[in-house]
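Participant: Structure supplied as entry25.cif; contents: mmCIF, C-alpha atoms; chains and numbers go by the auth columns.
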data_protein
#
loop_
_atom_site.group_PDB
_atom_site.id
_atom_site.type_symbol
_atom_site.label_atom_id
_atom_site.label_comp_id
_atom_site.label_asym_id
_atom_site.label_seq_id
_atom_site.Cartn_x
_atom_site.Cartn_y
_atom_site.Cartn_z
_atom_site.B_iso_or_equiv
_atom_site.auth_seq_id
_atom_site.auth_asym_id
ATOM 1 C CA MET A 1 33.649 -32.784 -23.265 0.00 14 A
ATOM 2 C CA GLY A 2 35.264 -36.237 -23.069 0.00 15 A
ATOM 3 C CA GLU A 3 35.016 -36.947 -26.774 0.00 16 A
ATOM 4 C CA GLU A 4 38.704 -36.986 -27.671 0.00 17 A
ATOM 5 C CA LEU A 5 40.165 -38.949 -24.757 0.00 18 A
ATOM 6 C CA SER A 6 41.212 -42.035 -26.684 0.00 19 A
ATOM 7 C CA GLY A 7 44.760 -40.737 -27.318 0.00 20 A
ATOM 8 C CA LEU A 8 45.464 -39.910 -23.642 0.00 21 A
ATOM 9 C CA GLY A 9 47.490 -42.074 -21.314 0.00 22 A
ATOM 10 C CA VAL A 10 46.668 -43.030 -17.726 0.00 23 A
ATOM 11 C CA ARG A 11 48.676 -40.143 -16.207 0.00 24 A
ATOM 12 C CA ASP A 12 47.009 -37.634 -18.521 0.00 25 A
ATOM 13 C CA LEU A 13 43.581 -39.008 -17.650 0.00 26 A
ATOM 14 C CA GLN A 14 44.379 -38.849 -13.893 0.00 27 A
ATOM 15 C CA SER A 15 45.621 -35.276 -14.290 0.00 28 A
ATOM 16 C CA LEU A 16 42.466 -34.326 -16.187 0.00 29 A
ATOM 17 C CA GLU A 17 40.325 -36.034 -13.546 0.00 30 A
ATOM 18 C CA ASN A 18 42.116 -34.121 -10.739 0.00 31 A
ATOM 19 C CA ARG A 19 41.625 -30.802 -12.528 0.00 32 A
ATOM 20 C CA LEU A 20 37.938 -31.581 -13.086 0.00 33 A
ATOM 21 C CA GLU A 21 37.490 -32.529 -9.419 0.00 34 A
ATOM 22 C CA MET A 22 39.197 -29.292 -8.293 0.00 35 A
ATOM 23 C CA SER A 23 37.029 -27.251 -10.669 0.00 36 A
ATOM 24 C CA LEU A 24 33.942 -29.036 -9.412 0.00 37 A
ATOM 25 C CA ARG A 25 35.000 -28.388 -5.788 0.00 38 A
ATOM 26 C CA ASN A 26 35.466 -24.673 -6.574 0.00 39 A
ATOM 27 C CA ILE A 27 32.081 -24.536 -8.277 0.00 40 A
ATOM 28 C CA ARG A 28 30.418 -26.209 -5.275 0.00 41 A
ATOM 29 C CA MET A 29 32.168 -23.877 -2.824 0.00 42 A
ATOM 30 C CA ARG A 30 31.025 -20.826 -4.829 0.00 43 A
ATOM 31 C CA LYS A 31 27.470 -22.193 -4.984 0.00 44 A
ATOM 32 C CA ASP A 32 27.472 -22.827 -1.204 0.00 45 A
ATOM 33 C CA TYR A 33 28.739 -19.284 -0.564 0.00 46 A
ATOM 34 C CA ILE A 34 26.009 -17.765 -2.763 0.00 47 A
ATOM 35 C CA LEU A 35 23.288 -19.893 -1.152 0.00 48 A
ATOM 36 C CA LYS A 36 24.472 -19.008 2.365 0.00 49 A
ATOM 37 C CA SER A 37 24.489 -15.304 1.433 0.00 50 A
ATOM 38 C CA GLU A 38 20.952 -15.535 0.054 0.00 51 A
ATOM 39 C CA ILE A 39 19.753 -17.411 3.148 0.00 52 A
ATOM 40 C CA GLU A 40 21.270 -14.747 5.414 0.00 53 A
ATOM 41 C CA GLU A 41 19.669 -11.967 3.360 0.00 54 A
ATOM 42 C CA LEU A 42 16.267 -13.683 3.521 0.00 55 A
ATOM 43 C CA HIS A 43 16.681 -14.174 7.275 0.00 56 A
ATOM 44 C CA ASN A 44 17.404 -10.446 7.685 0.00 57 A
ATOM 45 C CA LYS A 45 14.373 -9.534 5.567 0.00 58 A
ATOM 46 C CA GLY A 46 12.240 -11.902 7.647 0.00 59 A
ATOM 47 C CA SER A 47 13.444 -10.227 10.852 0.00 60 A
ATOM 48 C CA LEU A 48 12.609 -6.777 9.465 0.00 61 A
ATOM 49 C CA ILE A 49 9.144 -7.940 8.404 0.00 62 A
ATOM 50 C CA HIS A 50 8.596 -9.454 11.856 0.00 63 A
ATOM 51 C CA GLN A 51 9.601 -6.173 13.528 0.00 64 A
ATOM 52 C CA GLU A 52 7.295 -4.212 11.216 0.00 65 A
ATOM 53 C CA ASN A 53 4.469 -6.637 11.965 0.00 66 A
ATOM 54 C CA MET A 54 5.003 -6.202 15.713 0.00 67 A
ATOM 55 C CA GLU A 55 4.912 -2.395 15.317 0.00 68 A
ATOM 56 C CA LEU A 56 1.706 -2.578 13.279 0.00 69 A
ATOM 57 C CA CYS A 57 0.118 -4.852 15.904 0.00 70 A
ATOM 58 C CA ARG A 58 1.096 -2.362 18.596 0.00 71 A
ATOM 59 C CA ARG A 59 -0.499 0.490 16.609 0.00 72 A
ATOM 60 C CA VAL A 60 -3.683 -1.509 16.023 0.00 73 A
ATOM 61 C CA ASN A 61 -3.919 -2.215 19.760 0.00 74 A
ATOM 62 C CA ILE A 62 -3.475 1.472 20.573 0.00 75 A
ATOM 63 C CA MET A 63 -6.145 2.441 18.049 0.00 76 A
ATOM 64 C CA SER A 64 -8.484 -0.189 19.449 0.00 77 A
ATOM 65 C CA GLN A 65 -7.957 1.150 22.973 0.00 78 A
ATOM 66 C CA GLN A 66 -8.606 4.705 21.769 0.00 79 A
ATOM 67 C CA LYS A 67 -11.768 3.560 20.016 0.00 80 A
ATOM 68 C CA MET A 68 -12.984 1.873 23.198 0.00 81 A
ATOM 69 C CA GLU A 69 -12.217 5.000 25.243 0.00 82 A
ATOM 70 C CA LEU A 70 -14.192 7.152 22.804 0.00 83 A
ATOM 71 C CA TYR A 71 -17.064 4.687 22.902 0.00 84 A
ATOM 72 C CA ARG A 72 -17.074 4.730 26.724 0.00 85 A
ATOM 73 C CA LYS A 73 -17.042 8.540 26.733 0.00 86 A
ATOM 74 C CA LEU A 74 -19.944 8.597 24.283 0.00 87 A
ATOM 75 C CA GLN A 75 -21.909 6.188 26.452 0.00 88 A
ATOM 76 C CA ALA A 76 -21.134 8.264 29.551 0.00 89 A
ATOM 77 C CA ASN A 77 -22.348 11.427 27.788 0.00 90 A
ATOM 78 C CA LYS A 78 -25.547 9.687 26.716 0.00 91 A
ATOM 79 C CA GLN A 79 -26.173 8.507 30.278 0.00 92 A
ATOM 80 C CA ARG A 80 -25.703 12.015 31.659 0.00 93 A
ATOM 81 C CA GLY A 81 -28.413 13.218 29.315 0.00 94 A
ATOM 82 C CA ALA A 82 -26.130 15.018 26.921 0.00 95 A
ATOM 83 C CA GLY A 83 -27.548 13.036 24.034 0.00 96 A
ATOM 84 C CA ASP A 84 -25.700 12.860 20.755 0.00 97 A
ATOM 85 C CA ALA A 85 -24.968 16.594 20.483 0.00 98 A
ATOM 86 C CA ILE A 86 -21.951 18.354 21.836 0.00 99 A
ATOM 87 C CA ILE A 87 -22.386 22.118 21.769 0.00 100 A
ATOM 88 C CA SER A 88 -19.389 24.426 21.449 0.00 101 A
ATOM 89 C CA SER A 89 -19.388 28.157 22.034 0.00 102 A
ATOM 90 C CA SER A 90 -20.743 29.130 18.614 0.00 103 A
ATOM 91 C CA THR A 91 -21.439 26.008 16.569 0.00 104 A
ATOM 92 C CA SER A 92 -23.049 22.737 17.457 0.00 105 A
ATOM 93 C CA TYR A 93 -21.543 19.508 16.242 0.00 106 A
ATOM 94 C CA SER A 94 -22.691 15.948 16.573 0.00 107 A
ATOM 95 C CA PHE A 95 -20.996 12.604 16.441 0.00 108 A
ATOM 96 C CA GLY A 96 -22.045 9.007 16.606 0.00 109 A
ATOM 97 C CA ALA A 97 -20.215 5.767 17.167 0.00 110 A
ATOM 98 C CA THR A 98 -21.062 2.142 16.835 0.00 111 A
ATOM 99 C CA HIS A 99 -19.339 -0.543 18.827 0.00 112 A
ATOM 100 C CA ASN A 100 -17.856 -3.101 16.470 0.00 113 A
ATOM 101 C CA THR A 101 -14.268 -4.160 17.111 0.00 114 A
ATOM 102 C CA ASN A 102 -13.954 -5.651 13.613 0.00 115 A
ATOM 103 C CA VAL A 103 -14.495 -2.278 11.915 0.00 116 A
ATOM 104 C CA PRO A 104 -11.753 0.372 12.037 0.00 117 A
ATOM 105 C CA ALA A 105 -12.586 3.665 13.703 0.00 118 A
ATOM 106 C CA ASN A 106 -13.993 6.226 11.275 0.00 119 A
ATOM 107 C CA LEU A 107 -14.643 9.518 13.029 0.00 120 A
ATOM 108 C CA GLU A 108 -15.942 12.627 11.332 0.00 121 A
ATOM 109 C CA VAL A 109 -17.183 15.989 12.511 0.00 122 A
ATOM 110 C CA ARG A 110 -20.419 17.345 11.032 0.00 123 A
ATOM 111 C CA GLN A 111 -22.073 20.611 11.690 0.00 124 A
ATOM 112 C CA SER A 112 -25.592 20.094 13.021 0.00 125 A
ATOM 113 C CA PRO A 113 -28.357 21.818 11.061 0.00 126 A
ATOM 114 C CA GLN A 114 -29.801 24.817 12.875 0.00 127 A
ATOM 115 C CA LYS A 115 -33.377 24.689 13.996 0.00 128 A
ATOM 116 C CA GLU A 116 -35.844 27.229 12.680 0.00 129 A
ATOM 117 C CA GLY A 117 -35.553 30.508 14.536 0.00 130 A
ATOM 118 C CA GLU A 118 -32.175 29.585 16.038 0.00 131 A
ATOM 119 C CA GLN A 119 -29.385 32.069 15.376 0.00 132 A
ATOM 120 C CA CYS A 120 -25.711 31.464 15.056 0.00 133 A
ATOM 121 C CA GLU A 121 -23.840 33.469 17.678 0.00 134 A
ATOM 122 C CA THR A 122 -21.111 34.807 15.414 0.00 135 A
ATOM 123 C CA GLY A 123 -21.952 38.468 15.866 0.00 136 A
ATOM 124 C CA ALA A 124 -22.617 38.880 12.142 0.00 137 A
ATOM 125 C CA PRO A 125 -25.954 40.391 11.132 0.00 138 A
ATOM 126 C CA GLU A 126 -28.506 37.880 9.920 0.00 139 A
ATOM 127 C CA LEU A 127 -29.245 38.220 6.254 0.00 140 A
ATOM 128 C CA GLY A 128 -32.706 37.379 5.222 0.00 141 A
#
Before we go any further, please render this structure as structure tokens.

Facilitator:
Amino acid sequence: MGEELSGLGVRDLQSLENRLEMSLRNIRMRKDYILKSEIEELHNKGSLIHQENMELCRRVNIMSQQKMELYRKLQANKQRGAGDAIISSSTSYSFGATHNTNVPANLEVRQSPQKEGEQCETGAPELG
């Protein structure tokens, strides 16, 4: 700690100084190695995050394109007079879409309510 140096000669003090400088050099080299390792690790993590971000952007673009295609198909069906209902062989379903690119696509299938007097064509007898 440098408290009991009064009894040391010049050579002893130079020897102590050299040992301290070598120890300090080793400490600095170790610190530099650790910092370089941490910087490399952070660089690798940054690259992985960048790659993940690029993949997510690609997926968002694909979903946006799919949403636009569905919207165009819906508009085409409306123009042909199909309206909002798409009728399958035994059950009618309806869907609706709004065009807003800031809102993620949320598609759901709902069974349309049957009109009075309309029968479901399942072949099962109607219970009344």

Participant: Take every atom of segment 63-69 of chain A listed in the file, pad by 8 Å on each side, and give me the axis-aligned box centre and edge lengths in Å, one decimal, as AutoDock Vina command-line options.

Facilitator:
--center_x 5.7 --center_y -5.9 --center_z 13.5 --size_x 23.9 --size_y 23.1 --size_z 20.5

Participant: Which value, in Å to one decimal, gives the distance between atom CA of Asn90 of chain A and atom CA of Asn74 of chain A?

Facilitator: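 Separation of atom CA of Asn90 of chain A and atom CA of Asn74 of chain A: 24.3 Å.
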
Participant: Kindly give the distance, in Å, that separates atom CA of His63 of chain A and atom CA of Leu48 of chain A, rounded to a single decimal.

Facilitator: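 That distance, rounded to one decimal, is 22.2 Å.
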
Participant: Mind giving me the straight-line distance from atom CA of Leu33 of chain A to atom CA of Ser19 of chain A in Å, one decimal?

Facilitator: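 These two atoms are separated by 17.5 Å.
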